[in-house]
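Participant: File data-v7.cif follows (mmCIF, C-alpha atoms):
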data_coords
loop_
_atom_site.group_PDB
_atom_site.id
_atom_site.type_symbol
_atom_site.label_atom_id
_atom_site.label_comp_id
_atom_site.auth_asym_id
_atom_site.auth_seq_id
_atom_site.Cartn_x
_atom_site.Cartn_y
_atom_site.Cartn_z
ATOM 1 C CA MET C 6 70.156 -7.477 21.530
ATOM 2 C CA LEU C 7 68.410 -4.405 20.259
ATOM 3 C CA ASN C 8 71.543 -3.476 18.336
ATOM 4 C CA HIS C 9 71.165 -6.768 16.433
ATOM 5 C CA VAL C 10 67.757 -5.725 15.129
ATOM 6 C CA ARG C 11 69.049 -2.262 14.261
ATOM 7 C CA THR C 12 71.889 -3.886 12.340
ATOM 8 C CA LEU C 13 69.309 -5.853 10.355
ATOM 9 C CA VAL C 14 67.412 -2.647 9.620
ATOM 10 C CA VAL C 15 70.527 -0.904 8.353
ATOM 11 C CA ARG C 16 71.564 -3.896 6.273
ATOM 12 C CA ALA C 17 68.054 -4.107 4.789
ATOM 13 C CA ARG C 18 68.165 -0.464 3.777
ATOM 14 C CA GLN C 19 71.542 -1.033 2.117
ATOM 15 C CA LEU C 20 70.167 -3.959 0.172
ATOM 16 C CA ALA C 21 66.963 -2.172 -0.843
ATOM 17 C CA PRO C 22 68.307 -0.197 -3.823
ATOM 18 C CA GLU C 23 70.402 -3.143 -4.945
ATOM 19 C CA ARG C 24 67.707 -5.808 -5.060
ATOM 20 C CA GLY C 25 64.441 -4.025 -5.617
ATOM 21 C CA GLY C 26 63.665 -2.938 -2.069
ATOM 22 C CA ALA C 27 60.759 -5.109 -1.009
ATOM 23 C CA LEU C 28 62.499 -8.426 -1.676
ATOM 24 C CA ALA C 29 65.617 -7.405 0.239
ATOM 25 C CA LEU C 30 63.648 -6.041 3.146
ATOM 26 C CA ALA C 31 61.632 -9.222 3.343
ATOM 27 C CA ALA C 32 64.831 -11.273 3.300
ATOM 28 C CA ALA C 33 66.271 -9.264 6.194
ATOM 29 C CA ALA C 34 63.116 -9.792 8.185
ATOM 30 C CA VAL C 35 63.321 -13.539 7.567
ATOM 31 C CA LEU C 36 66.961 -13.603 8.649
ATOM 32 C CA GLY C 37 65.956 -11.987 11.912
ATOM 33 C CA LEU C 38 63.205 -14.486 12.697
ATOM 34 C CA GLY C 39 65.582 -16.699 14.616
ATOM 35 C CA GLY C 40 66.192 -13.914 17.113
ATOM 36 C CA LEU C 41 62.655 -12.604 17.402
ATOM 37 C CA GLY C 42 61.867 -14.704 20.413
ATOM 38 C CA TRP C 43 64.678 -13.516 22.635
ATOM 39 C CA VAL C 44 64.618 -9.950 21.277
ATOM 40 C CA GLY C 45 60.919 -9.807 22.006
ATOM 41 C CA ARG C 46 61.380 -11.087 25.524
ATOM 42 C CA GLU C 47 64.146 -8.524 26.194
ATOM 43 C CA ILE C 48 62.049 -5.599 24.936
ATOM 44 C CA SER C 49 58.987 -6.673 26.881
ATOM 45 C CA ALA C 50 61.050 -6.922 30.047
ATOM 46 C CA SER C 51 62.389 -3.367 29.694
ATOM 47 C CA ASN C 52 60.892 -0.268 31.299
ATOM 48 C CA PRO C 53 57.438 0.385 29.731
ATOM 49 C CA SER C 54 58.084 4.107 29.920
ATOM 50 C CA SER C 55 61.313 3.840 27.919
ATOM 51 C CA GLN C 56 61.500 5.658 24.585
ATOM 52 C CA THR C 57 63.180 2.660 22.995
ATOM 53 C CA PRO C 58 61.155 1.685 19.904
ATOM 54 C CA SER C 59 59.316 -1.618 20.084
ATOM 55 C CA LEU C 60 60.120 -4.613 17.892
ATOM 56 C CA LEU C 61 56.913 -4.033 15.929
ATOM 57 C CA GLU C 62 57.923 -0.411 15.269
ATOM 58 C CA LEU C 63 61.379 -1.502 14.111
ATOM 59 C CA LEU C 64 59.960 -4.068 11.727
ATOM 60 C CA GLU C 65 57.488 -1.492 10.408
ATOM 61 C CA GLN C 66 60.436 0.834 9.744
ATOM 62 C CA VAL C 67 62.101 -1.925 7.741
ATOM 63 C CA GLY C 68 59.028 -2.351 5.581
ATOM 64 C CA SER C 69 58.217 1.332 5.175
ATOM 65 C CA PRO C 70 59.393 3.130 2.019
ATOM 66 C CA ARG C 71 61.577 6.193 2.354
ATOM 67 C CA ALA C 72 59.890 9.530 1.931
ATOM 68 C CA GLY C 73 60.213 11.133 -1.463
ATOM 69 C CA PRO C 74 58.767 10.989 -4.954
ATOM 70 C CA SER C 75 58.053 7.566 -6.376
ATOM 71 C CA ALA C 76 57.286 6.391 -9.877
ATOM 72 C CA PRO C 77 53.567 5.827 -10.529
ATOM 73 C CA ALA C 78 52.489 2.222 -10.334
ATOM 74 C CA THR C 79 51.744 0.635 -13.680
ATOM 75 C CA THR C 80 49.488 -2.318 -14.262
ATOM 76 C CA VAL C 81 49.452 -4.355 -17.399
ATOM 77 C CA ALA C 82 46.024 -5.750 -18.250
ATOM 78 C CA PRO C 83 46.077 -9.327 -19.506
ATOM 79 C CA LYS C 84 45.837 -9.528 -23.246
ATOM 80 C CA ALA C 85 42.407 -10.630 -24.381
ATOM 81 C CA ARG C 86 42.041 -13.771 -26.465
ATOM 82 C CA PRO C 87 39.272 -14.469 -28.960
ATOM 83 C CA ALA C 88 36.367 -16.215 -27.294
ATOM 84 C CA PRO C 89 35.050 -19.419 -28.888
ATOM 85 C CA ALA C 90 31.812 -18.996 -30.821
ATOM 86 C CA PRO C 91 28.816 -21.171 -29.975
ATOM 87 C CA PRO C 92 28.134 -24.185 -32.164
ATOM 88 C CA ALA C 93 25.923 -23.821 -35.217
ATOM 89 C CA HIS C 94 22.357 -23.196 -34.113
ATOM 90 C CA ASP C 95 19.182 -22.272 -35.989
ATOM 91 C CA ARG C 96 18.329 -18.606 -35.733
ATOM 92 C CA TRP C 97 15.359 -17.748 -33.532
ATOM 93 C CA VAL C 98 12.291 -16.682 -35.508
ATOM 94 C CA SER C 99 9.850 -14.969 -33.180
ATOM 95 C CA PRO C 100 6.164 -15.938 -33.436
ATOM 96 C CA LEU C 101 5.286 -12.371 -32.352
ATOM 97 C CA ARG C 102 4.212 -10.119 -35.205
ATOM 98 C CA ARG C 103 3.758 -6.387 -35.650
ATOM 99 C CA GLN C 104 0.330 -5.249 -34.463
ATOM 100 C CA CYS C 105 -0.835 -1.703 -33.740
ATOM 101 C CA THR C 106 -4.548 -2.257 -33.100
ATOM 102 C CA ALA C 107 -6.004 -3.581 -29.875
ATOM 103 C CA ASP C 108 -9.110 -3.730 -27.707
ATOM 104 C CA PRO C 109 -9.167 -0.441 -25.720
ATOM 105 C CA GLN C 110 -10.770 -2.105 -22.712
ATOM 106 C CA LEU C 111 -8.058 -4.763 -22.608
ATOM 107 C CA SER C 112 -5.418 -2.057 -22.961
ATOM 108 C CA ARG C 113 -6.758 -0.093 -19.987
ATOM 109 C CA ARG C 114 -6.982 -3.191 -17.792
ATOM 110 C CA LEU C 115 -3.462 -4.377 -18.566
ATOM 111 C CA GLU C 116 -1.925 -0.904 -18.252
ATOM 112 C CA ALA C 117 -3.457 -0.662 -14.784
ATOM 113 C CA MET C 118 -1.770 -3.971 -13.948
ATOM 114 C CA VAL C 119 1.569 -2.654 -15.205
ATOM 115 C CA ALA C 120 1.245 0.374 -12.936
ATOM 116 C CA ALA C 121 0.419 -1.844 -9.949
ATOM 117 C CA LEU C 122 3.199 -4.364 -10.613
ATOM 118 C CA PRO C 123 5.965 -2.844 -8.416
ATOM 119 C CA THR C 124 3.799 -2.963 -5.302
ATOM 120 C CA GLY C 125 1.779 -6.026 -6.227
ATOM 121 C CA MET C 126 4.520 -8.579 -6.769
ATOM 122 C CA GLN C 127 5.931 -10.769 -4.032
ATOM 123 C CA ARG C 128 9.716 -10.623 -3.562
ATOM 124 C CA LEU C 129 11.885 -13.419 -2.191
ATOM 125 C CA THR C 130 15.540 -13.603 -1.150
ATOM 126 C CA ILE C 131 17.041 -16.816 -2.505
ATOM 127 C CA ASP C 132 20.270 -18.511 -1.445
ATOM 128 C CA PRO C 133 23.421 -16.790 -2.815
ATOM 129 C CA THR C 134 24.741 -20.063 -4.255
ATOM 130 C CA ASN C 135 21.890 -20.029 -6.775
ATOM 131 C CA TYR C 136 22.767 -16.763 -8.540
ATOM 132 C CA GLY C 137 25.702 -14.492 -9.326
ATOM 133 C CA SER C 138 26.787 -11.079 -10.522
ATOM 134 C CA ARG C 139 26.679 -10.172 -14.188
ATOM 135 C CA PHE C 140 30.148 -10.230 -15.731
ATOM 136 C CA ARG C 141 31.619 -7.278 -17.624
ATOM 137 C CA SER C 142 34.324 -9.395 -19.260
ATOM 138 C CA ASP C 143 34.431 -13.028 -20.301
ATOM 139 C CA ALA C 144 36.894 -15.739 -19.312
ATOM 140 C CA PHE C 145 39.258 -14.593 -22.086
ATOM 141 C CA GLY C 146 39.465 -10.924 -21.108
ATOM 142 C CA ASN C 147 37.018 -9.626 -23.704
ATOM 143 C CA PRO C 148 34.537 -6.945 -22.563
ATOM 144 C CA VAL C 149 30.904 -8.069 -22.616
ATOM 145 C CA ASN C 150 27.675 -6.138 -22.194
ATOM 146 C CA PRO C 151 25.829 -7.361 -19.068
ATOM 147 C CA THR C 152 22.631 -5.403 -19.792
ATOM 148 C CA PRO C 153 19.641 -7.761 -20.137
ATOM 149 C CA ARG C 154 18.591 -8.013 -23.782
ATOM 150 C CA VAL C 155 16.919 -11.441 -24.030
ATOM 151 C CA VAL C 156 13.999 -12.968 -22.097
ATOM 152 C CA VAL C 157 13.905 -16.756 -21.772
ATOM 153 C CA LEU C 158 10.539 -18.363 -20.963
ATOM 154 C CA HIS C 159 10.435 -21.513 -18.809
ATOM 155 C CA GLU C 160 7.963 -23.590 -16.867
ATOM 156 C CA THR C 161 8.346 -24.960 -13.345
ATOM 157 C CA VAL C 162 7.218 -28.585 -14.174
ATOM 158 C CA TYR C 163 6.308 -28.944 -10.502
ATOM 159 C CA GLY C 164 4.474 -26.372 -8.392
ATOM 160 C CA MET C 165 5.854 -22.934 -7.545
ATOM 161 C CA GLN C 166 6.428 -23.898 -3.933
ATOM 162 C CA SER C 167 8.731 -26.686 -5.056
ATOM 163 C CA ALA C 168 10.721 -24.247 -7.188
ATOM 164 C CA VAL C 169 10.899 -21.692 -4.374
ATOM 165 C CA GLN C 170 12.197 -24.322 -1.967
ATOM 166 C CA THR C 171 14.880 -25.275 -4.479
ATOM 167 C CA PHE C 172 16.024 -21.659 -4.811
ATOM 168 C CA LEU C 173 16.128 -21.190 -1.029
ATOM 169 C CA THR C 174 18.304 -24.285 -0.569
ATOM 170 C CA PRO C 175 22.112 -23.845 -0.710
ATOM 171 C CA HIS C 176 23.713 -25.654 -3.655
ATOM 172 C CA PRO C 177 27.535 -25.611 -3.412
ATOM 173 C CA ARG C 178 27.924 -27.712 -6.580
ATOM 174 C CA ASP C 179 27.652 -25.808 -9.850
ATOM 175 C CA GLU C 180 25.565 -28.518 -11.497
ATOM 176 C CA ASP C 181 22.848 -28.163 -8.830
ATOM 177 C CA GLN C 182 22.487 -24.384 -8.959
ATOM 178 C CA VAL C 183 19.353 -23.022 -10.624
ATOM 179 C CA SER C 184 17.156 -19.930 -10.492
ATOM 180 C CA TYR C 185 14.790 -17.665 -12.418
ATOM 181 C CA HIS C 186 14.305 -13.944 -12.014
ATOM 182 C CA LEU C 187 10.549 -14.288 -11.721
ATOM 183 C CA MET C 188 7.746 -16.851 -11.628
ATOM 184 C CA ILE C 189 4.031 -16.557 -12.363
ATOM 185 C CA GLY C 190 1.560 -18.813 -10.567
ATOM 186 C CA GLU C 191 -1.528 -20.392 -12.086
ATOM 187 C CA ASP C 192 -3.618 -17.698 -10.396
ATOM 188 C CA GLY C 193 -1.496 -14.932 -11.920
ATOM 189 C CA GLN C 194 0.541 -14.296 -8.765
ATOM 190 C CA VAL C 195 3.894 -12.697 -9.622
ATOM 191 C CA VAL C 196 6.878 -13.747 -7.509
ATOM 192 C CA GLN C 197 10.250 -12.098 -8.083
ATOM 193 C CA THR C 198 12.955 -14.462 -6.915
ATOM 194 C CA LEU C 199 15.916 -12.423 -8.159
ATOM 195 C CA ASP C 200 16.466 -8.783 -9.076
ATOM 196 C CA PRO C 201 17.193 -8.340 -12.809
ATOM 197 C CA ALA C 202 20.528 -6.742 -11.911
ATOM 198 C CA TYR C 203 21.834 -10.209 -11.026
ATOM 199 C CA ARG C 204 22.612 -13.237 -13.170
ATOM 200 C CA ALA C 205 20.158 -16.095 -12.746
ATOM 201 C CA PHE C 206 21.251 -19.658 -13.452
ATOM 202 C CA GLY C 207 18.342 -20.386 -15.771
ATOM 203 C CA ALA C 208 20.103 -21.961 -18.760
ATOM 204 C CA GLY C 209 23.319 -23.943 -18.814
ATOM 205 C CA ASN C 210 24.961 -24.641 -22.163
ATOM 206 C CA SER C 211 22.960 -22.180 -24.243
ATOM 207 C CA ALA C 212 23.061 -19.504 -26.936
ATOM 208 C CA PHE C 213 20.734 -17.032 -28.624
ATOM 209 C CA ASN C 214 21.215 -16.218 -32.314
ATOM 210 C CA GLY C 215 24.914 -16.997 -32.146
ATOM 211 C CA GLN C 216 25.484 -15.176 -28.856
ATOM 212 C CA TRP C 217 26.736 -16.560 -25.570
ATOM 213 C CA VAL C 218 29.193 -15.585 -22.858
ATOM 214 C CA MET C 219 31.829 -17.962 -21.510
ATOM 215 C CA THR C 220 32.629 -17.127 -17.890
ATOM 216 C CA ASN C 221 34.491 -20.389 -17.285
ATOM 217 C CA PRO C 222 36.904 -21.572 -19.984
ATOM 218 C CA ASN C 223 36.411 -25.199 -18.903
ATOM 219 C CA VAL C 224 32.688 -25.282 -19.700
ATOM 220 C CA GLY C 225 30.472 -24.080 -22.514
ATOM 221 C CA GLY C 226 28.987 -20.628 -22.820
ATOM 222 C CA SER C 227 25.583 -19.442 -21.696
ATOM 223 C CA VAL C 228 22.988 -16.721 -22.247
ATOM 224 C CA ASN C 229 22.683 -16.122 -18.501
ATOM 225 C CA ASN C 230 24.924 -13.058 -18.453
ATOM 226 C CA PHE C 231 22.577 -11.091 -20.746
ATOM 227 C CA ALA C 232 19.241 -12.863 -20.175
ATOM 228 C CA LEU C 233 16.216 -12.520 -17.931
ATOM 229 C CA HIS C 234 14.552 -15.793 -16.974
ATOM 230 C CA LEU C 235 10.794 -16.067 -16.368
ATOM 231 C CA SER C 236 8.970 -19.271 -15.479
ATOM 232 C CA LEU C 237 5.272 -20.135 -15.630
ATOM 233 C CA GLU C 238 3.852 -22.500 -13.043
ATOM 234 C CA THR C 239 3.026 -25.803 -14.709
ATOM 235 C CA PRO C 240 -0.539 -27.141 -14.282
ATOM 236 C CA LEU C 241 -0.961 -30.273 -12.200
ATOM 237 C CA ASP C 242 -1.374 -32.527 -15.242
ATOM 238 C CA GLY C 243 2.013 -31.354 -16.522
ATOM 239 C CA GLU C 244 4.104 -32.799 -13.701
ATOM 240 C CA ASP C 245 5.593 -35.361 -16.029
ATOM 241 C CA ALA C 246 7.796 -35.712 -19.101
ATOM 242 C CA ASP C 247 4.976 -35.645 -21.642
ATOM 243 C CA ALA C 248 5.255 -33.313 -24.618
ATOM 244 C CA GLN C 249 2.011 -31.461 -23.788
ATOM 245 C CA HIS C 250 -0.242 -30.530 -20.885
ATOM 246 C CA SER C 251 -3.459 -28.546 -20.420
ATOM 247 C CA GLY C 252 -1.686 -25.199 -20.804
ATOM 248 C CA TYR C 253 -1.523 -21.941 -18.863
ATOM 249 C CA SER C 254 -4.362 -19.874 -17.449
ATOM 250 C CA ALA C 255 -5.645 -16.536 -18.746
ATOM 251 C CA ALA C 256 -4.397 -14.958 -15.514
ATOM 252 C CA GLN C 257 -0.905 -16.242 -16.298
ATOM 253 C CA TYR C 258 -0.931 -14.768 -19.804
ATOM 254 C CA ASP C 259 -2.134 -11.445 -18.370
ATOM 255 C CA ALA C 260 0.652 -11.352 -15.796
ATOM 256 C CA LEU C 261 3.209 -12.541 -18.345
ATOM 257 C CA ALA C 262 2.369 -9.688 -20.730
ATOM 258 C CA VAL C 263 2.525 -7.210 -17.851
ATOM 259 C CA VAL C 264 5.948 -8.384 -16.631
ATOM 260 C CA LEU C 265 7.349 -8.528 -20.150
ATOM 261 C CA THR C 266 6.099 -5.011 -20.843
ATOM 262 C CA ASP C 267 7.826 -3.763 -17.692
ATOM 263 C CA TRP C 268 11.123 -5.409 -18.692
ATOM 264 C CA MET C 269 10.868 -4.356 -22.339
ATOM 265 C CA ARG C 270 10.367 -0.742 -21.352
ATOM 266 C CA ARG C 271 13.086 -0.726 -18.714
ATOM 267 C CA PHE C 272 15.781 -2.517 -20.730
ATOM 268 C CA GLN C 273 14.713 -1.702 -24.305
ATOM 269 C CA ILE C 274 14.226 -5.388 -25.124
ATOM 270 C CA PRO C 275 12.546 -5.918 -28.514
ATOM 271 C CA PRO C 276 9.740 -8.496 -28.783
ATOM 272 C CA GLN C 277 11.919 -10.548 -31.161
ATOM 273 C CA ASN C 278 14.189 -11.274 -28.188
ATOM 274 C CA ILE C 279 11.507 -13.074 -26.180
ATOM 275 C CA THR C 280 12.406 -16.723 -26.619
ATOM 276 C CA THR C 281 12.112 -20.126 -24.948
ATOM 277 C CA HIS C 282 14.288 -22.470 -22.951
ATOM 278 C CA ARG C 283 13.689 -25.036 -25.680
ATOM 279 C CA TYR C 284 15.333 -22.769 -28.240
ATOM 280 C CA VAL C 285 18.388 -21.520 -26.305
ATOM 281 C CA ASP C 286 19.323 -24.966 -24.928
ATOM 282 C CA LEU C 287 22.212 -26.349 -26.983
ATOM 283 C CA GLY C 288 21.950 -29.836 -25.517
ATOM 284 C CA GLY C 289 18.494 -30.498 -26.948
ATOM 285 C CA GLU C 290 17.246 -31.647 -23.539
ATOM 286 C CA ARG C 291 14.811 -28.837 -22.695
ATOM 287 C CA ALA C 292 11.259 -28.607 -24.002
ATOM 288 C CA ASP C 293 9.799 -25.803 -21.901
ATOM 289 C CA PRO C 294 7.522 -24.023 -21.868
ATOM 290 C CA ARG C 295 5.292 -26.802 -23.183
ATOM 291 C CA SER C 296 1.836 -26.029 -24.593
ATOM 292 C CA PHE C 297 2.606 -22.324 -24.791
ATOM 293 C CA LEU C 298 0.147 -20.295 -26.897
ATOM 294 C CA TRP C 299 1.910 -17.415 -28.621
ATOM 295 C CA PRO C 300 -1.361 -15.855 -29.932
ATOM 296 C CA GLU C 301 -2.429 -15.296 -26.301
ATOM 297 C CA LEU C 302 0.746 -13.339 -25.644
ATOM 298 C CA GLN C 303 0.467 -11.570 -28.998
ATOM 299 C CA THR C 304 -2.978 -10.162 -28.169
ATOM 300 C CA ARG C 305 -1.919 -8.869 -24.771
ATOM 301 C CA LEU C 306 1.415 -7.342 -25.833
ATOM 302 C CA ALA C 307 -0.376 -5.605 -28.704
ATOM 303 C CA ALA C 308 -2.898 -4.184 -26.223
ATOM 304 C CA LEU C 309 0.025 -2.763 -24.261
ATOM 305 C CA GLY C 310 1.479 -1.164 -27.392
ATOM 306 C CA MET C 311 4.594 -3.343 -27.403
ATOM 307 C CA LEU C 312 4.234 -4.808 -30.914
ATOM 308 C CA CYS C 313 3.612 -1.770 -33.088
ATOM 309 C CA LYS C 314 7.328 -1.486 -33.897
ATOM 310 C CA ALA C 315 7.882 -5.220 -34.185
ATOM 311 C CA SER C 316 9.036 -6.479 -37.557
#
Let's see the structure in the file written out as structure tokens.
Facilitator:
Amino acid sequence: MLNHVRTLVVRARQLAPERGGALALAAAAVLGLGGLGWVGREISASNPSSQTPSLLELLEQVGSPRAGPSAPATTVAPKARPAPAPPAHDRWVSPLRRQCTADPQLSRRLEAMVAALPTGMQRLTIDPTNYGSRFRSDAFGNPVNPTPRVVVLHETVYGMQSAVQTFLTPHPRDEDQVSYHLMIGEDGQVVQTLDPAYRAFGAGNSAFNGQWVMTNPNVGGSVNNFALHLSLETPLDGEDADAQHSGYSAAQYDALAVVLTDWMRRFQIPPQNITTHRYVDLGGERADPRSFLWPELQTRLAALGMLCKAS
């Protein structure tokens, strides 16, 4: 019986150079499947101390390449195709203006907050279904830059705890997945829900100044691959679909300026690239952050020296 397997091995080696090696060897192994049961039983019944090679060793010999030089493996990368451009969309015009003067006392207070940010923020671990890795190529094989270069401002609509619970809950369906990188409570509490190295699912069909990345050819593009998403906790009177609410607290604007300064310095994000969910949304369904006061952010970013080079 053992001779039968050896015959298969020899025949496989004869076929290897004729038919590309691997295919012929696999075929020989398949041909021998009918006899594996009785060959196996015969080998297992033999003397354990015998030097006769086992069936597994024989099959491994069949699949092992002969020693000697081999041609280097070559891989052919798929040819990239042009990615579709986003639909026509008004260009973002930032409300932030160049400003090099500021209140020294405000500057000192906010700079102290920037220094304390790494140890002062709360960090959460959200469910893996609600975020992903940043892509280095799009769905069409084109290289893309995953470095964050845009900040999208949101609001929670409901309280922070509601948003946190949503992020902690598994969402297998794509349409249910959502996350921000960071949230700021009404009291100024900073909660990081996702490290900036990862891709948050903060905006679906979206673009910024004619830029998006399509990671799925069956759906529209998104800014998520190059964006950071930050959400402000909505005041209680804003838990509705009204166009306005009472607005955000001074503590929130302080913390917002501090977090933005940290991100702008780390990722070289210009103030002109701080935008809103309302703007990037291509479906026209988003209105957040409602009742946002840009002059409040202007004053604080200027105090932190982040607007002196702004155009």
Participant: Residues at most 10 Å from Ile131 (chain C), counting only C-alpha atoms, excluding those fewer than 4 positions away in the same chain, as a ChimeraX atom specification?
Facilitator: /C:135-136,169-175,184,197-199
Participant: Can you pull out the residues contacting region 95-106 of chain C? Cut-off 10 Å, using all atoms listed in the file, and skip same-chain residues under 6 positions away; I want them as a ChimeraX atom specification.
Facilitator: /C:213-215,276-281,284-285,298-300,302-304,306-316
Participant: Evaluating the PyMOL selection byres ((chain C and resi 228) around 7) on the displayed file yields which residues, as a short mmCIF file (atom, residue, chain, number, x, y, z; two decimals) with C-alpha atoms, in the frame of the given file?
Facilitator:
data_model
loop_
_atom_site.label_atom_id
_atom_site.label_comp_id
_atom_site.auth_asym_id
_atom_site.auth_seq_id
_atom_site.Cartn_x
_atom_site.Cartn_y
_atom_site.Cartn_z
CA ALA C 208 20.10 -21.96 -18.76
CA SER C 211 22.96 -22.18 -24.24
CA ALA C 212 23.06 -19.50 -26.94
CA PHE C 213 20.73 -17.03 -28.62
CA TRP C 217 26.74 -16.56 -25.57
CA VAL C 218 29.19 -15.58 -22.86
CA SER C 227 25.58 -19.44 -21.70
CA ASN C 229 22.68 -16.12 -18.50
CA ASN C 230 24.92 -13.06 -18.45
CA PHE C 231 22.58 -11.09 -20.75
CA ALA C 232 19.24 -12.86 -20.18
#
Participant: Would you pick out the contacts of Tyr185 (chain C) at 7 Å or less, using only C-alpha atoms, so that residues sharing its chain but fewer than 3 positions from it are not included, and give the list as a list of chain:residue names?
Facilitator: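 That gives C:Thr198, C:Leu199, C:Ala205, C:Phe206, C:Gly207, C:His234, C:Leu235, C:Ser236.
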Participant: So what do you get for CA of Leu122 (chain C) versus CA of Thr134 (chain C), distance-wise?
Facilitator: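 It comes out at 27.4 Å.
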Participant: Report the distance between CA of Gly193 (chain C) and CA of Val263 (chain C) in Å, rounded to one decimal place.
Facilitator: 10.5 Å
Participant: Nearest to Ala93 (chain C): which of C:Leu158, C:Ala292, C:Tyr253, C:Gln216 is it, counting only C-alpha atoms?
Facilitator: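 Checking each of C:Leu158, C:Ala292, C:Tyr253, C:Gln216 against Ala93 (chain C), counting only C-alpha atoms, the winner is C:Gln216.
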Participant: From the set C:Glu180, C:Asp259, C:Glu191, C:Asp293, which residue has the shortest atom-to-atom contact distance to Asp245 (chain C), counting all atoms listed in the file?
Facilitator: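 Of all the options, C:Asp293 lies closest to Asp245 (chain C).
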Participant: Run the PyMOL selection byres ((chain C and resi 225) around 6) against the file shown and list the residues it catches, as a list in words.
Facilitator: Asn210, Val224 and Gly226 of chain C
Participant: Rounded to one decimal place, report the CA of Leu111 (chain C)-CA of Arg305 (chain C) distance in Å.
Facilitator: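 Straight-line distance from CA of Leu111 (chain C) to CA of Arg305 (chain C) works out to 7.7 Å.
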Participant: Taking the file as shown, what set of residues would the PyMOL selection byres ((chain C and resi 143) around 9) give back, as a list in words?
Facilitator: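 The output of the PyMOL selection byres ((chain C and resi 143) around 9) on this file is Ala88, Phe140, Arg141, Ser142, Ala144, Phe145, Gly146, Asn147, Pro148, Val149, Val218, Met219, Thr220, Asn221 and Pro222 of chain C.
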Participant: Keeping only C-alpha atoms, write the selected residues to a file as an mmCIF file, in the frame of the given file.
Facilitator:
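Below is the file out15.cif, written as the result:
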data_model
loop_
_atom_site.group_PDB
_atom_site.id
_atom_site.type_symbol
_atom_site.label_atom_id
_atom_site.label_comp_id
_atom_site.auth_asym_id
_atom_site.auth_seq_id
_atom_site.Cartn_x
_atom_site.Cartn_y
_atom_site.Cartn_z
ATOM 1 C CA ALA C 88 36.367 -16.215 -27.294
ATOM 2 C CA PHE C 140 30.148 -10.230 -15.731
ATOM 3 C CA ARG C 141 31.619 -7.278 -17.624
ATOM 4 C CA SER C 142 34.324 -9.395 -19.260
ATOM 5 C CA ALA C 144 36.894 -15.739 -19.312
ATOM 6 C CA PHE C 145 39.258 -14.593 -22.086
ATOM 7 C CA GLY C 146 39.465 -10.924 -21.108
ATOM 8 C CA ASN C 147 37.018 -9.626 -23.704
ATOM 9 C CA PRO C 148 34.537 -6.945 -22.563
ATOM 10 C CA VAL C 149 30.904 -8.069 -22.616
ATOM 11 C CA VAL C 218 29.193 -15.585 -22.858
ATOM 12 C CA MET C 219 31.829 -17.962 -21.510
ATOM 13 C CA THR C 220 32.629 -17.127 -17.890
ATOM 14 C CA ASN C 221 34.491 -20.389 -17.285
ATOM 15 C CA PRO C 222 36.904 -21.572 -19.984
#
Participant: Closest to Thr130 (chain C) among C:Arg271, C:His94, C:His186, C:Arg204, using all atoms listed in the file?
Facilitator: C:His186
